[in-house]
file entry-v2.cif (mmCIF, C-alpha atoms)
data_model
loop_
_atom_site.label_atom_id
_atom_site.label_comp_id
_atom_site.auth_asym_id
_atom_site.auth_seq_id
_atom_site.Cartn_x
_atom_site.Cartn_y
_atom_site.Cartn_z
CA TYR A 1 71.94 38.93 67.05
CA LYS A 2 69.30 36.27 66.63
CA ARG A 3 70.37 32.66 66.15
CA GLN A 4 68.92 30.83 63.19
CA ALA A 5 69.03 27.11 62.45
CA LEU A 6 69.47 25.70 58.97
CA GLY A 7 67.87 22.38 58.14
CA TYR A 8 68.65 19.91 55.40
CA ALA A 9 67.50 20.05 51.78
CA SER A 10 64.13 18.31 51.48
CA ARG A 11 64.69 17.72 47.76
CA GLY A 12 68.03 17.38 46.05
CA CYS A 13 71.19 17.15 48.14
CA ARG A 14 72.35 20.77 48.59
CA ALA A 15 70.80 23.85 50.15
CA TYR A 16 72.14 27.39 49.71
CA LEU A 17 72.26 30.42 51.98
CA GLY A 18 72.46 33.87 50.41
CA VAL A 19 74.22 36.52 52.53
CA ALA A 20 73.92 40.25 51.81
CA ASP A 21 77.38 41.62 50.86
CA GLY A 22 78.86 38.14 51.26
CA PHE A 23 81.21 36.70 53.88
CA GLN A 24 84.18 38.83 54.90
CA VAL A 25 86.98 36.31 54.38
CA ASP A 26 90.23 36.42 52.43
CA VAL A 27 89.63 36.10 48.70
CA ALA A 28 91.58 33.56 46.63
CA PHE A 29 91.59 33.93 42.83
CA GLY A 30 88.70 36.38 43.04
CA SER A 31 86.46 34.12 45.12
CA ALA A 32 85.61 33.53 48.78
CA ALA A 33 84.68 29.90 48.07
CA THR A 34 86.56 27.00 49.65
CA VAL A 35 88.35 24.26 47.72
CA VAL A 36 89.22 21.76 50.45
CA ARG A 37 91.24 19.54 48.12
CA GLU A 38 93.66 22.39 47.38
CA LYS A 39 93.34 24.08 50.81
CA LEU A 40 92.22 27.33 49.19
CA GLY A 41 89.74 30.01 50.26
CA GLY A 42 87.19 30.15 53.05
CA LEU A 43 88.54 29.71 56.57
CA ASN A 44 92.07 28.38 56.20
CA GLY A 45 91.04 26.38 53.16
CA ASP A 46 89.18 23.82 55.26
CA ARG A 47 85.56 22.73 55.79
CA LEU A 48 83.65 24.46 58.57
CA GLN A 49 84.18 23.07 62.06
CA PRO A 50 82.00 23.41 65.20
CA GLY A 51 82.57 26.84 66.72
CA ASP A 52 83.83 28.47 63.51
CA HIS A 53 82.70 32.05 62.95
CA LEU A 54 82.10 33.46 59.46
CA PRO A 55 82.12 37.27 59.58
CA CYS A 56 79.53 38.99 57.38
CA GLY A 57 79.24 42.51 56.03
CA THR A 58 78.12 45.28 58.40
CA THR A 59 75.23 46.43 56.20
CA ALA A 60 72.06 47.33 58.09
CA ALA A 61 69.44 44.60 58.31
CA ARG A 62 67.50 44.02 55.11
CA PRO A 63 64.27 42.16 54.39
CA LEU A 64 64.66 38.48 53.51
CA ARG A 65 64.17 37.95 49.79
CA TYR A 66 62.86 34.81 48.15
CA LEU A 67 61.31 33.59 44.92
CA PRO A 68 57.59 32.87 44.76
CA SER A 69 56.89 29.16 45.13
CA GLN A 70 56.01 28.67 41.44
CA SER A 71 59.45 30.01 40.43
CA GLN A 72 61.49 27.97 42.90
CA PRO A 73 63.44 25.05 41.38
CA ARG A 74 62.03 21.54 41.64
CA TYR A 75 64.56 18.74 41.91
CA HIS A 76 63.87 15.16 40.84
CA ASP A 77 65.61 11.78 41.09
CA ARG A 78 65.83 11.40 37.31
CA ILE A 79 66.94 14.08 34.85
CA THR A 80 67.90 14.53 31.21
CA VAL A 81 71.18 16.37 30.58
CA ARG A 82 71.54 18.19 27.27
CA VAL A 83 74.96 17.72 25.65
CA ILE A 84 76.81 19.87 23.12
CA PRO A 85 78.92 17.42 21.06
CA GLY A 86 82.65 18.16 21.10
CA TYR A 87 85.33 17.90 18.45
CA GLN A 88 86.32 14.43 19.76
CA GLU A 89 82.83 13.09 19.08
CA ALA A 90 84.15 11.62 15.80
CA ALA A 91 86.34 9.25 17.84
CA PHE A 92 83.14 7.53 19.04
CA SER A 93 81.42 5.33 16.45
CA ARG A 94 77.79 6.00 15.52
CA LEU A 95 76.84 2.89 17.49
CA GLU A 96 78.61 4.16 20.62
CA GLN A 97 77.00 7.60 20.23
CA ARG A 98 73.54 6.04 19.94
CA ARG A 99 74.25 3.93 23.02
CA PHE A 100 75.33 6.99 25.02
CA PHE A 101 72.25 9.02 24.06
CA SER A 102 69.71 6.19 24.43
CA GLN A 103 70.67 4.62 27.76
CA THR A 104 70.16 5.61 31.40
CA TYR A 105 73.08 6.02 33.80
CA THR A 106 73.12 5.89 37.59
CA VAL A 107 74.94 8.36 39.86
CA THR A 108 77.56 6.49 41.90
CA ASP A 109 78.79 7.39 45.38
CA ARG A 110 81.83 8.98 43.72
CA CYS A 111 80.19 12.35 43.18
CA ASP A 112 81.18 15.76 44.50
CA ARG A 113 81.86 19.30 43.34
CA MET A 114 84.75 18.04 41.20
CA GLY A 115 82.59 15.74 39.12
CA TYR A 116 79.91 13.06 38.95
CA ARG A 117 80.93 9.51 38.05
CA LEU A 118 78.11 7.59 36.42
CA GLU A 119 77.54 3.89 35.93
CA GLY A 120 75.75 2.19 33.04
CA PRO A 121 76.38 0.76 29.57
CA ALA A 122 80.08 1.24 28.76
CA ILE A 123 80.96 3.60 25.92
CA GLN A 124 83.99 2.68 23.83
CA CYS A 125 86.24 5.22 22.14
CA GLU A 126 88.67 4.70 19.28
CA LEU A 127 91.25 6.75 21.19
CA ASP A 128 93.18 5.09 24.00
CA GLY A 129 94.05 8.50 25.39
CA ILE A 130 94.86 12.04 24.35
CA LEU A 131 97.41 14.65 25.26
CA SER A 132 96.22 16.50 28.35
CA GLU A 133 94.25 19.62 27.45
CA GLY A 134 92.10 22.26 29.12
CA ILE A 135 88.83 21.09 30.66
CA CYS A 136 85.63 23.13 30.49
CA HIS A 137 82.74 23.09 32.93
CA GLY A 138 80.41 20.21 32.08
CA ALA A 139 82.95 18.24 30.02
CA ILE A 140 81.94 14.57 29.80
CA GLN A 141 85.01 12.38 29.92
CA ILE A 142 84.98 8.73 28.86
CA PRO A 143 87.84 6.87 30.60
CA SER A 144 89.05 3.39 29.66
CA ASP A 145 86.25 1.64 31.62
CA GLY A 146 83.67 3.41 29.43
CA GLN A 147 81.79 4.97 32.37
CA PRO A 148 81.08 8.71 31.88
CA ILE A 149 82.39 11.39 34.23
CA VAL A 150 80.69 14.81 34.14
CA LEU A 151 83.09 17.47 35.42
CA LEU A 152 81.75 20.31 37.56
CA ASN A 153 82.90 23.47 39.38
CA ASP A 154 85.93 22.07 41.21
CA ARG A 155 87.21 20.09 38.22
CA GLN A 156 90.90 19.80 37.41
CA THR A 157 92.33 22.29 34.93
CA ILE A 158 93.54 19.70 32.37
CA GLY A 159 92.68 16.11 31.52
CA GLY A 160 93.72 13.32 29.16
CA TYR A 161 90.51 11.33 28.71
CA PRO A 162 88.49 11.63 25.46
CA LYS A 163 85.35 13.76 25.76
CA ILE A 164 82.13 12.96 23.94
CA GLY A 165 80.75 16.44 24.59
CA SER A 166 79.91 19.02 27.25
CA ALA A 167 76.78 19.23 29.39
CA LEU A 168 74.68 22.39 29.21
CA SER A 169 75.40 24.51 32.30
CA LEU A 170 71.68 24.77 33.13
CA ASP A 171 71.60 21.00 33.43
CA THR A 172 74.82 20.60 35.43
CA MET A 173 73.11 22.63 38.17
CA ARG A 174 70.34 20.01 38.31
CA LEU A 175 72.85 17.17 38.03
CA ALA A 176 74.69 18.50 41.11
CA GLN A 177 71.45 18.05 43.10
CA LEU A 178 71.23 14.31 42.35
CA ARG A 179 72.12 11.90 45.12
CA PRO A 180 73.83 8.54 44.56
CA GLY A 181 71.30 6.27 42.89
CA GLY A 182 69.77 9.09 40.85
CA GLU A 183 69.30 8.45 37.15
CA VAL A 184 70.71 10.45 34.23
CA SER A 185 70.00 10.28 30.51
CA PHE A 186 71.61 12.42 27.81
CA ALA A 187 70.20 14.28 24.80
CA PRO A 188 72.25 16.02 22.06
CA ILE A 189 71.81 19.75 21.49
CA SER A 190 73.48 22.05 18.97
CA VAL A 191 75.62 25.07 19.89
CA HIS A 192 72.92 27.34 18.44
CA GLU A 193 70.21 25.66 20.53
CA ALA A 194 72.40 25.87 23.62
CA HIS A 195 72.94 29.63 23.16
CA ASN A 196 69.21 30.23 22.68
CA THR A 197 68.35 28.13 25.72
CA LEU A 198 70.79 30.04 27.93
CA HIS A 199 69.58 33.45 26.71
CA LEU A 200 65.93 32.49 27.30
CA ALA A 201 66.73 31.20 30.79
CA HIS A 202 68.64 34.38 31.65
CA SER A 203 65.77 36.54 30.41
CA PHE A 204 63.25 34.49 32.39
CA HIS A 205 65.20 34.81 35.65
CA GLN A 206 65.73 38.53 35.14
CA ARG A 207 61.96 39.00 35.02
CA GLN A 208 61.17 36.99 38.14
CA PRO A 209 59.97 39.16 41.04
CA LEU A 210 61.56 38.75 44.47
CA LEU A 211 59.23 38.67 47.44
CA GLU A 212 60.30 40.14 50.77
CA ARG A 213 59.57 39.48 54.41
CA SER A 214 61.02 40.83 57.65
CA PRO A 215 63.96 38.86 59.11
#
call {"tool": "encode", "arguments": {"input": "entry-v2.cif", "output": "structure tokens"}}
result
Amino acid sequence: YKRQALGYASRGCRAYLGVADGFQVDVAFGSAATVVREKLGGLNGDRLQPGDHLPCGTTAARPLRYLPSQSQPRYHDRITVRVIPGYQEAAFSRLEQRRFFSQTYTVTDRCDRMGYRLEGPAIQCELDGILSEGICHGAIQIPSDGQPIVLLNDRQTIGGYPKIGSALSLDTMRLAQLRPGGEVSFAPISVHEAHNTLHLAHSFHQRQPLLERSP
């Protein structure tokens, strides 16, 4: 086989490699992904080490596929995240809601696949805490220090911090490409607008042609 080298992302902070038929590793909870914190999936539930070998499918070689340049995502150091207000929004005064949606927050160095901790004007909530409940992807928790936490793919299953809303999934993908120091602002969006936005995005991506070149 021919060795290939992977470089670093030139924009954003993560690069992705698509493998035909996926990696042939043991599946945990229907996924071959690795959750290092829980020691699940991948190779023994750990990060890749020098010399590790990831077996792939035995499908015959296929052309490399890629999106045309105009359809490839562009990542920036400042983004706006659209937020669907949650049922606990009423626990935040109108003043606190305006502060949250009008200020800019900075990504701290405490950011990973579990969640992004942000730093900026503190948001106060009338609730000191809540009974732990299920957490959805994109949930924006407001802990006692008032600094928002946006929860992502490897989030915990339950949490006891009040939530001012949930980030649109299209925007959490862009958030996860921000490095520490990146800037985030928030904008409210209704459930109806969120559904329309997701359907339009899905339709757009379905229509995008894939270009091919020999490996």
call {"tool": "resolve_selection", "arguments": {"input": "entry-v2.cif", "expression": "the PyMOL selection byres ((chain A and resi 103) around 8)", "output": "short mmCIF file (atom, residue, chain, number, x, y, z; two decimals) with C-alpha atoms, keeping the file's coordinate frame"}}
result
data_model
loop_
_atom_site.label_atom_id
_atom_site.label_comp_id
_atom_site.auth_asym_id
_atom_site.auth_seq_id
_atom_site.Cartn_x
_atom_site.Cartn_y
_atom_site.Cartn_z
CA ARG A 99 74.25 3.93 23.02
CA PHE A 100 75.33 6.99 25.02
CA PHE A 101 72.25 9.02 24.06
CA SER A 102 69.71 6.19 24.43
CA THR A 104 70.16 5.61 31.40
CA TYR A 105 73.08 6.02 33.80
CA GLY A 120 75.75 2.19 33.04
CA PRO A 121 76.38 0.76 29.57
CA SER A 185 70.00 10.28 30.51
CA PHE A 186 71.61 12.42 27.81
#
call {"tool": "closest_residue", "arguments": {"input": "entry-v2.cif", "among": "A:Ile158, A:Leu40, A:Ile84, A:Cys111", "to": "A:Gly181", "atoms": "only C-alpha atoms"}}
result
A:Cys111
call {"tool": "closest_residue", "arguments": {"input": "entry-v2.cif", "among": "A:Arg110, A:His76, A:Arg82, A:Arg37", "to": "A:Ala194", "atoms": "only C-alpha atoms"}}
result
A:Arg82
call {"tool": "atom_distance", "arguments": {"input": "entry-v2.cif", "atom1": "atom CA of A:Phe204", "atom2": "atom CA of A:Leu152"}}
result
23.9 Å
call {"tool": "closest_residue", "arguments": {"input": "entry-v2.cif", "among": "A:Tyr161, A:Arg78, A:Pro55, A:Gly30", "to": "A:Ala91", "atoms": "all atoms listed in the file"}}
result
A:Tyr161
call {"tool": "closest_residue", "arguments": {"input": "entry-v2.cif", "among": "A:Glu126, A:Tyr66, A:His192, A:Pro73", "to": "A:Arg94", "atoms": "all atoms listed in the file"}}
result
A:Glu126
call {"tool": "atom_distance", "arguments": {"input": "entry-v2.cif", "atom1": "atom CA of A:Ala15", "atom2": "atom CA of A:Arg113"}}
result
13.8 Å
call {"tool": "residues_around", "arguments": {"input": "entry-v2.cif", "residues": "A:Gln72", "least_positions_apart": "6", "cutoff": "12 Å", "atoms": "all atoms listed in the file", "output": "MDAnalysis selection string"}}
result
chainID A and resid 11 66 205 208:211
call {"tool": "residues_around", "arguments": {"input": "entry-v2.cif", "residues": "A:Pro63", "least_positions_apart": "6", "cutoff": "12 Å", "atoms": "only C-alpha atoms", "output": "VMD selection string"}}
result
chain A and resid 19 to 20 210 to 215
call {"tool": "residues_near_point", "arguments": {"input": "entry-v2.cif", "point": "(78.7, 17.4, 26.2)", "cutoff": "10 Å", "atoms": "all atoms listed in the file", "output": "list in words"}}
result
Val81, Arg82, Val83, Ile84, Pro85, Gly86, Glu89, Cys136, His137, Gly138, Ala139, Ile140, Gln141, Val150, Lys163, Ile164, Gly165, Ser166, Ala167, Leu168, Ser169, Phe186, Ala187, Pro188 and Ile189 of chain A
call {"tool": "write_last_selection", "arguments": {"input": "entry-v2.cif", "atoms": "C-alpha atoms", "output": "PDB file, in the frame of the given file"}}
result
ATOM      1  CA  VAL A  81      71.180  16.370  30.580  1.00  0.00           C
ATOM      2  CA  ARG A  82      71.540  18.190  27.270  1.00  0.00           C
ATOM      3  CA  VAL A  83      74.960  17.720  25.650  1.00  0.00           C
ATOM      4  CA  ILE A  84      76.810  19.870  23.120  1.00  0.00           C
ATOM      5  CA  PRO A  85      78.920  17.420  21.060  1.00  0.00           C
ATOM      6  CA  GLY A  86      82.650  18.160  21.100  1.00  0.00           C
ATOM      7  CA  GLU A  89      82.830  13.090  19.080  1.00  0.00           C
ATOM      8  CA  CYS A 136      85.630  23.130  30.490  1.00  0.00           C
ATOM      9  CA  HIS A 137      82.740  23.090  32.930  1.00  0.00           C
ATOM     10  CA  GLY A 138      80.410  20.210  32.080  1.00  0.00           C
ATOM     11  CA  ALA A 139      82.950  18.240  30.020  1.00  0.00           C
ATOM     12  CA  ILE A 140      81.940  14.570  29.800  1.00  0.00           C
ATOM     13  CA  GLN A 141      85.010  12.380  29.920  1.00  0.00           C
ATOM     14  CA  VAL A 150      80.690  14.810  34.140  1.00  0.00           C
ATOM     15  CA  LYS A 163      85.350  13.760  25.760  1.00  0.00           C
ATOM     16  CA  ILE A 164      82.130  12.960  23.940  1.00  0.00           C
ATOM     17  CA  GLY A 165      80.750  16.440  24.590  1.00  0.00           C
ATOM     18  CA  SER A 166      79.910  19.020  27.250  1.00  0.00           C
ATOM     19  CA  ALA A 167      76.780  19.230  29.390  1.00  0.00           C
ATOM     20  CA  LEU A 168      74.680  22.390  29.210  1.00  0.00           C
ATOM     21  CA  SER A 169      75.400  24.510  32.300  1.00  0.00           C
ATOM     22  CA  PHE A 186      71.610  12.420  27.810  1.00  0.00           C
ATOM     23  CA  ALA A 187      70.200  14.280  24.800  1.00  0.00           C
ATOM     24  CA  PRO A 188      72.250  16.020  22.060  1.00  0.00           C
ATOM     25  CA  ILE A 189      71.810  19.750  21.490  1.00  0.00           C
TER      26      ILE A 189
END
call {"tool": "closest_residue", "arguments": {"input": "entry-v2.cif", "among": "A:Gly134, A:Gly12, A:Gly42, A:Gly159", "to": "A:Arg174", "atoms": "all atoms listed in the file"}}
result
A:Gly12
call {"tool": "closest_residue", "arguments": {"input": "entry-v2.cif", "among": "A:Ala90, A:Ala33, A:Leu17, A:Leu127", "to": "A:Leu64", "atoms": "only C-alpha atoms"}}
result
A:Leu17
call {"tool": "atom_distance", "arguments": {"input": "entry-v2.cif", "atom1": "atom CA of A:Ala5", "atom2": "atom CA of A:Asp154"}}
result
27.6 Å
call {"tool": "residues_around", "arguments": {"input": "entry-v2.cif", "residues": "A:Asp52", "least_positions_apart": "4", "cutoff": "10 Å", "atoms": "all atoms listed in the file", "output": "count of residues only"}}
result
3
